[in-house]
Amino acid sequence: MRVVKRVKSPKNSLKDLVSAFDELVFRNVKEQYPHNWGDACIQSLFQSISLLLRRKRIRFPGGVIRTYGALYSLADEPEKKLSDIAVLCKINFHDGKSVEGATFLNVQLKDPDKNTFQGFRKDELRRMESIASHAQLLLCDYDCITGMAFTSIPESIVGYMPTPWEQWVPFTYAATAPVGLCNALGDKNTSLYKVSVPLSYQFCFRYLFGLDLEYRSIPLEVARGHRTDKGQAKYLMLLSVAHGGSALQLDFDFDSERYTALKA
């Protein structure tokens, strides 16, 4: 009998971070329905993400990542809303290179007892895409989200596969899908899950490595709050990432008069 052993992960590994991320998604999305199915759910989710990444040291194959996260909110309702969340990232790589990027997420909560998302308008998503080509829809569900774009396989298959890995189904309660692709499909229902990945995957395997971020001046100025004619994000998350022995950058440039820190 062939046996493929499970690869052990050290403490504070990337795998541990993903597990903790999925746990907070469960607490702040699944368990919020139906009583806090609204803005309170969105704020608590990103507060928990910011706290998880506040002072984190993560080991992954080939190196170490350190992170810092903080969440801010507009003091007043946005005059012209662009997205629910803007994430402003500063990333120092192990080779001395550094970048600053941003991304935007429009959060959609599934309608009660339906398979639809009636909270977003397609014209708003098209405007969002025109400003930030890598913007994402964050789809939140009180039921399990399955049928996503396949991102992983089981970590181990023992013996003669008593449970074939083809039958292994990953699930989550919060998944991201590219706004441009959602616009092209034209759907406003759970069929969008087929082009989504778990929020934990998007953060831990994409954003922490500088992927799927905007690096042009206009989206960066919008995320910082310095340019409002294109719209504003209701919440701003600051995320600093240091790879290897590089230092965390905490000197973020953003409009601190418009955005105020949210305390845990």
# chains A, B, ... in the order shown; residues from 1 in each chain; ligands from 1
call {"tool": "residues_around", "arguments": {"residues": "range 85-101 of chain A", "least_positions_apart": "6", "cutoff": "10 Å", "atoms": "only C-alpha atoms", "output": "ChimeraX atom specification"}}
result
/A:42-43,46,63-73,107,135-136,138,207-217,219-220,222-225,232-254
call {"tool": "select_by_dssp", "arguments": {"residues": "range 6-183 of chain A", "states": "strand (DSSP E)", "output": "compact mmCIF listing (two decimals) with C-alpha atoms, in the first residue's frame"}}
result
# COMPACT_ATOMS: atom_id res chain seq x y z
CA LYS A 56 2.13 38.81 12.57
CA ARG A 57 5.20 36.76 11.74
CA ILE A 58 4.48 34.08 9.16
CA ARG A 59 6.74 31.29 8.03
CA PHE A 60 6.32 29.90 4.53
CA GLY A 63 11.17 32.63 3.88
CA VAL A 64 9.37 34.70 6.49
CA ILE A 65 6.73 37.42 6.17
CA ARG A 66 5.90 40.02 8.81
CA THR A 67 2.71 42.05 8.60
CA TYR A 68 0.97 45.02 10.16
CA GLY A 69 -2.72 45.84 9.68
CA ALA A 70 -4.99 48.69 10.77
CA LEU A 71 -8.55 49.66 9.86
CA TYR A 72 -9.94 53.17 9.37
CA SER A 73 -13.40 54.47 8.57
CA LEU A 74 -14.67 57.62 6.89
CA LYS A 81 -19.16 55.80 -2.97
CA LEU A 82 -16.66 53.78 -4.98
CA SER A 83 -16.32 50.68 -2.82
CA ASP A 84 -16.85 49.37 0.68
CA ILE A 85 -13.16 48.67 1.36
CA ALA A 86 -9.91 50.07 0.04
CA VAL A 87 -6.74 48.21 1.00
CA LEU A 88 -3.55 50.28 0.83
CA CYS A 89 -0.48 48.03 0.82
CA LYS A 90 3.21 48.73 1.36
CA ILE A 91 5.38 45.74 0.54
CA ASN A 92 9.11 45.38 1.12
CA SER A 98 9.55 47.94 -2.38
CA VAL A 99 6.15 48.83 -3.83
CA GLU A 100 2.96 50.55 -2.74
CA GLY A 101 -0.31 49.33 -4.21
CA ALA A 102 -4.03 49.40 -3.54
CA THR A 103 -7.12 47.36 -4.16
CA PHE A 104 -10.85 47.89 -3.75
CA LEU A 105 -13.54 45.46 -2.63
CA ASN A 106 -17.26 45.89 -3.06
CA VAL A 107 -18.96 43.72 -0.42
CA GLN A 108 -22.18 41.93 -1.34
CA LEU A 109 -24.28 40.03 1.20
CA GLN A 136 -12.96 42.59 -6.52
CA LEU A 137 -16.48 41.71 -5.47
CA LEU A 138 -16.50 40.19 -1.99
CA LEU A 139 -19.43 37.79 -1.90
CA CYS A 140 -20.63 36.84 1.60
CA ASP A 141 -23.01 33.97 2.22
CA TYR A 142 -24.73 32.48 5.28
CA ASP A 143 -24.62 29.12 3.48
CA CYS A 144 -21.47 27.32 2.37
CA ILE A 145 -19.86 28.73 -0.75
CA THR A 172 -16.01 29.14 2.68
CA TYR A 173 -18.45 31.91 3.59
CA ALA A 174 -16.64 34.84 1.91
CA ALA A 175 -15.17 34.69 -1.60
CA THR A 176 -13.75 37.26 -4.00
CA ALA A 177 -14.38 37.51 -7.74
CA PRO A 178 -12.82 40.01 -10.19
call {"tool": "closest_residue", "arguments": {"among": "A:Arg126, A:Lys114, A:Lys11, A:Arg27", "to": "Asn189 in chain A", "atoms": "only C-alpha atoms"}}
result
A:Lys114
call {"tool": "closest_residue", "arguments": {"among": "A:Ser13, A:Ser130, A:Ser196, A:Ser191", "to": "Met148 in chain A", "atoms": "only C-alpha atoms"}}
result
A:Ser196
call {"tool": "atom_distance", "arguments": {"atom1": "CA of Lys80 in chain A", "atom2": "CA of Glu124 in chain A"}}
result
10.6 Å
call {"tool": "residues_around", "arguments": {"residues": "Asp187 in chain A", "least_positions_apart": "3", "cutoff": "12 Å", "atoms": "only C-alpha atoms", "output": "PyMOL selection string"}}
result
chain A and resi 115-118+120-122+125+177+179-184+190-195
call {"tool": "atom_distance", "arguments": {"atom1": "CA of Ser44 in chain A", "atom2": "CA of Asn28 in chain A"}}
result
6.2 Å
call {"tool": "residues_around", "arguments": {"residues": "Ala20 in chain A", "least_positions_apart": "2", "cutoff": "12 Å", "atoms": "only C-alpha atoms", "output": "tab-separated table (two decimals) with C-alpha atoms, in the first residue's frame"}}
result
chain	number	residue	atom	x	y	z
A	12	ASN	CA	3.00	30.46	12.64
A	13	SER	CA	3.05	29.01	9.14
A	14	LEU	CA	1.12	30.29	6.16
A	15	LYS	CA	-1.18	27.32	6.63
A	16	ASP	CA	-1.89	28.43	10.20
A	17	LEU	CA	-2.68	31.93	8.94
A	18	VAL	CA	-5.15	30.59	6.38
A	22	ASP	CA	-11.14	31.07	7.66
A	23	GLU	CA	-12.13	30.87	11.32
A	24	LEU	CA	-12.67	34.62	11.56
A	25	VAL	CA	-14.65	34.53	8.30
A	26	PHE	CA	-16.94	31.96	9.92
A	27	ARG	CA	-17.38	34.08	13.07
A	48	SER	CA	-10.88	41.01	12.68
A	49	ILE	CA	-8.66	40.74	9.58
A	51	LEU	CA	-6.23	42.46	14.13
A	52	LEU	CA	-5.12	39.10	12.76
A	53	LEU	CA	-2.45	40.84	10.68
A	56	LYS	CA	2.13	38.81	12.57
A	200	SER	CA	-8.43	33.88	2.82
A	201	TYR	CA	-6.72	32.75	-0.39
A	204	CYS	CA	-2.73	35.17	2.04
call {"tool": "select_by_dssp", "arguments": {"residues": "range 86-188 of chain A", "states": "alpha helix (DSSP H)", "output": "list of chain:residue names"}}
result
A:Lys122, A:Asp123, A:Glu124, A:Leu125, A:Arg126, A:Arg127, A:Met128, A:Glu129, A:Ser130, A:Ile131, A:Val179, A:Gly180, A:Leu181, A:Cys182, A:Asn183, A:Ala184, A:Leu185
call {"tool": "atom_distance", "arguments": {"atom1": "CA of Phe171 in chain A", "atom2": "CA of Phe150 in chain A"}}
result
10.6 Å
call {"tool": "decode", "arguments": {"residues": "range 198-233 of chain A", "atoms": "N, CA and C atoms", "output": "PDB file, in the first residue's frame"}}
result
ATOM      1  N   PRO A 198     -11.609  31.828  -2.222  1.00  0.00           N
ATOM      2  CA  PRO A 198     -11.842  32.231  -0.840  1.00  0.00           C
ATOM      3  C   PRO A 198     -11.137  33.545  -0.501  1.00  0.00           C
ATOM      4  N   LEU A 199     -11.765  34.351   0.336  1.00  0.00           N
ATOM      5  CA  LEU A 199     -11.143  35.603   0.770  1.00  0.00           C
ATOM      6  C   LEU A 199      -9.794  35.326   1.428  1.00  0.00           C
ATOM      7  N   SER A 200      -9.695  34.240   2.166  1.00  0.00           N
ATOM      8  CA  SER A 200      -8.431  33.879   2.821  1.00  0.00           C
ATOM      9  C   SER A 200      -7.337  33.638   1.781  1.00  0.00           C
ATOM     10  N   TYR A 201      -7.681  32.993   0.679  1.00  0.00           N
ATOM     11  CA  TYR A 201      -6.717  32.745  -0.395  1.00  0.00           C
ATOM     12  C   TYR A 201      -6.279  34.063  -1.023  1.00  0.00           C
ATOM     13  N   GLN A 202      -7.238  34.957  -1.276  1.00  0.00           N
ATOM     14  CA  GLN A 202      -6.925  36.223  -1.929  1.00  0.00           C
ATOM     15  C   GLN A 202      -5.953  37.048  -1.090  1.00  0.00           C
ATOM     16  N   PHE A 203      -6.167  37.089   0.215  1.00  0.00           N
ATOM     17  CA  PHE A 203      -5.267  37.843   1.086  1.00  0.00           C
ATOM     18  C   PHE A 203      -3.917  37.146   1.250  1.00  0.00           C
ATOM     19  N   CYS A 204      -3.958  35.862   1.613  1.00  0.00           N
ATOM     20  CA  CYS A 204      -2.733  35.171   2.039  1.00  0.00           C
ATOM     21  C   CYS A 204      -1.813  34.782   0.880  1.00  0.00           C
ATOM     22  N   PHE A 205      -2.371  34.524  -0.285  1.00  0.00           N
ATOM     23  CA  PHE A 205      -1.548  34.066  -1.409  1.00  0.00           C
ATOM     24  C   PHE A 205      -1.445  35.080  -2.543  1.00  0.00           C
ATOM     25  N   ARG A 206      -2.198  36.176  -2.462  1.00  0.00           N
ATOM     26  CA  ARG A 206      -2.155  37.183  -3.516  1.00  0.00           C
ATOM     27  C   ARG A 206      -1.684  38.533  -2.982  1.00  0.00           C
ATOM     28  N   TYR A 207      -2.463  39.149  -2.095  1.00  0.00           N
ATOM     29  CA  TYR A 207      -2.129  40.490  -1.629  1.00  0.00           C
ATOM     30  C   TYR A 207      -0.805  40.547  -0.874  1.00  0.00           C
ATOM     31  N   LEU A 208      -0.510  39.547  -0.055  1.00  0.00           N
ATOM     32  CA  LEU A 208       0.739  39.574   0.713  1.00  0.00           C
ATOM     33  C   LEU A 208       1.974  39.518  -0.187  1.00  0.00           C
ATOM     34  N   PHE A 209       1.792  39.104  -1.431  1.00  0.00           N
ATOM     35  CA  PHE A 209       2.905  39.015  -2.381  1.00  0.00           C
ATOM     36  C   PHE A 209       2.827  40.101  -3.459  1.00  0.00           C
ATOM     37  N   GLY A 210       1.914  41.054  -3.273  1.00  0.00           N
ATOM     38  CA  GLY A 210       1.819  42.169  -4.207  1.00  0.00           C
ATOM     39  C   GLY A 210       1.017  41.890  -5.453  1.00  0.00           C
ATOM     40  N   LEU A 211       0.304  40.772  -5.501  1.00  0.00           N
ATOM     41  CA  LEU A 211      -0.475  40.408  -6.677  1.00  0.00           C
ATOM     42  C   LEU A 211      -1.884  41.002  -6.611  1.00  0.00           C
ATOM     43  N   ASP A 212      -2.455  41.285  -7.765  1.00  0.00           N
ATOM     44  CA  ASP A 212      -3.824  41.805  -7.901  1.00  0.00           C
ATOM     45  C   ASP A 212      -4.005  43.176  -7.256  1.00  0.00           C
ATOM     46  N   LEU A 213      -2.948  43.976  -7.227  1.00  0.00           N
ATOM     47  CA  LEU A 213      -3.033  45.334  -6.686  1.00  0.00           C
ATOM     48  C   LEU A 213      -2.918  46.354  -7.814  1.00  0.00           C
ATOM     49  N   GLU A 214      -3.384  47.564  -7.534  1.00  0.00           N
ATOM     50  CA  GLU A 214      -3.260  48.682  -8.469  1.00  0.00           C
ATOM     51  C   GLU A 214      -2.010  49.483  -8.107  1.00  0.00           C
ATOM     52  N   TYR A 215      -1.212  49.831  -9.119  1.00  0.00           N
ATOM     53  CA  TYR A 215       0.008  50.598  -8.878  1.00  0.00           C
ATOM     54  C   TYR A 215       0.016  51.946  -9.613  1.00  0.00           C
ATOM     55  N   ARG A 216      -1.066  52.244 -10.323  1.00  0.00           N
ATOM     56  CA  ARG A 216      -1.152  53.527 -11.014  1.00  0.00           C
ATOM     57  C   ARG A 216      -1.527  54.638 -10.030  1.00  0.00           C
ATOM     58  N   SER A 217      -1.247  55.871 -10.417  1.00  0.00           N
ATOM     59  CA  SER A 217      -1.423  57.004  -9.498  1.00  0.00           C
ATOM     60  C   SER A 217      -2.883  57.254  -9.136  1.00  0.00           C
ATOM     61  N   ILE A 218      -3.809  57.145 -10.093  1.00  0.00           N
ATOM     62  CA  ILE A 218      -5.207  57.484  -9.800  1.00  0.00           C
ATOM     63  C   ILE A 218      -5.811  56.563  -8.744  1.00  0.00           C
ATOM     64  N   PRO A 219      -5.777  55.228  -8.902  1.00  0.00           N
ATOM     65  CA  PRO A 219      -6.345  54.392  -7.843  1.00  0.00           C
ATOM     66  C   PRO A 219      -5.624  54.549  -6.503  1.00  0.00           C
ATOM     67  N   LEU A 220      -4.325  54.806  -6.518  1.00  0.00           N
ATOM     68  CA  LEU A 220      -3.611  55.028  -5.267  1.00  0.00           C
ATOM     69  C   LEU A 220      -4.099  56.297  -4.575  1.00  0.00           C
ATOM     70  N   GLU A 221      -4.300  57.369  -5.333  1.00  0.00           N
ATOM     71  CA  GLU A 221      -4.779  58.614  -4.749  1.00  0.00           C
ATOM     72  C   GLU A 221      -6.211  58.468  -4.239  1.00  0.00           C
ATOM     73  N   VAL A 222      -7.024  57.689  -4.928  1.00  0.00           N
ATOM     74  CA  VAL A 222      -8.387  57.434  -4.466  1.00  0.00           C
ATOM     75  C   VAL A 222      -8.371  56.642  -3.163  1.00  0.00           C
ATOM     76  N   ALA A 223      -7.547  55.595  -3.105  1.00  0.00           N
ATOM     77  CA  ALA A 223      -7.464  54.785  -1.894  1.00  0.00           C
ATOM     78  C   ALA A 223      -6.977  55.602  -0.707  1.00  0.00           C
ATOM     79  N   ARG A 224      -6.050  56.505  -0.933  1.00  0.00           N
ATOM     80  CA  ARG A 224      -5.518  57.334   0.154  1.00  0.00           C
ATOM     81  C   ARG A 224      -6.516  58.370   0.639  1.00  0.00           C
ATOM     82  N   GLY A 225      -7.553  58.620  -0.132  1.00  0.00           N
ATOM     83  CA  GLY A 225      -8.524  59.641   0.230  1.00  0.00           C
ATOM     84  C   GLY A 225      -8.158  61.021  -0.249  1.00  0.00           C
ATOM     85  N   HIS A 226      -7.078  61.154  -1.010  1.00  0.00           N
ATOM     86  CA  HIS A 226      -6.636  62.456  -1.498  1.00  0.00           C
ATOM     87  C   HIS A 226      -7.409  62.899  -2.743  1.00  0.00           C
ATOM     88  N   ARG A 227      -8.033  61.943  -3.410  1.00  0.00           N
ATOM     89  CA  ARG A 227      -8.814  62.268  -4.605  1.00  0.00           C
ATOM     90  C   ARG A 227     -10.214  61.689  -4.429  1.00  0.00           C
ATOM     91  N   THR A 228     -11.222  62.563  -4.408  1.00  0.00           N
ATOM     92  CA  THR A 228     -12.582  62.122  -4.123  1.00  0.00           C
ATOM     93  C   THR A 228     -13.523  62.212  -5.320  1.00  0.00           C
ATOM     94  N   ASP A 229     -13.078  62.797  -6.421  1.00  0.00           N
ATOM     95  CA  ASP A 229     -13.962  62.951  -7.567  1.00  0.00           C
ATOM     96  C   ASP A 229     -14.328  61.610  -8.206  1.00  0.00           C
ATOM     97  N   LYS A 230     -13.489  60.595  -7.987  1.00  0.00           N
ATOM     98  CA  LYS A 230     -13.763  59.264  -8.519  1.00  0.00           C
ATOM     99  C   LYS A 230     -14.591  58.422  -7.556  1.00  0.00           C
ATOM    100  N   GLY A 231     -14.815  58.946  -6.353  1.00  0.00           N
ATOM    101  CA  GLY A 231     -15.536  58.203  -5.333  1.00  0.00           C
ATOM    102  C   GLY A 231     -14.627  57.839  -4.176  1.00  0.00           C
ATOM    103  N   GLN A 232     -15.220  57.328  -3.110  1.00  0.00           N
ATOM    104  CA  GLN A 232     -14.483  56.994  -1.891  1.00  0.00           C
ATOM    105  C   GLN A 232     -14.828  55.595  -1.413  1.00  0.00           C
ATOM    106  N   ALA A 233     -13.927  55.030  -0.656  1.00  0.00           N
ATOM    107  CA  ALA A 233     -14.197  53.776   0.038  1.00  0.00           C
ATOM    108  C   ALA A 233     -14.650  54.092   1.457  1.00  0.00           C
TER     109      ALA A 233
END
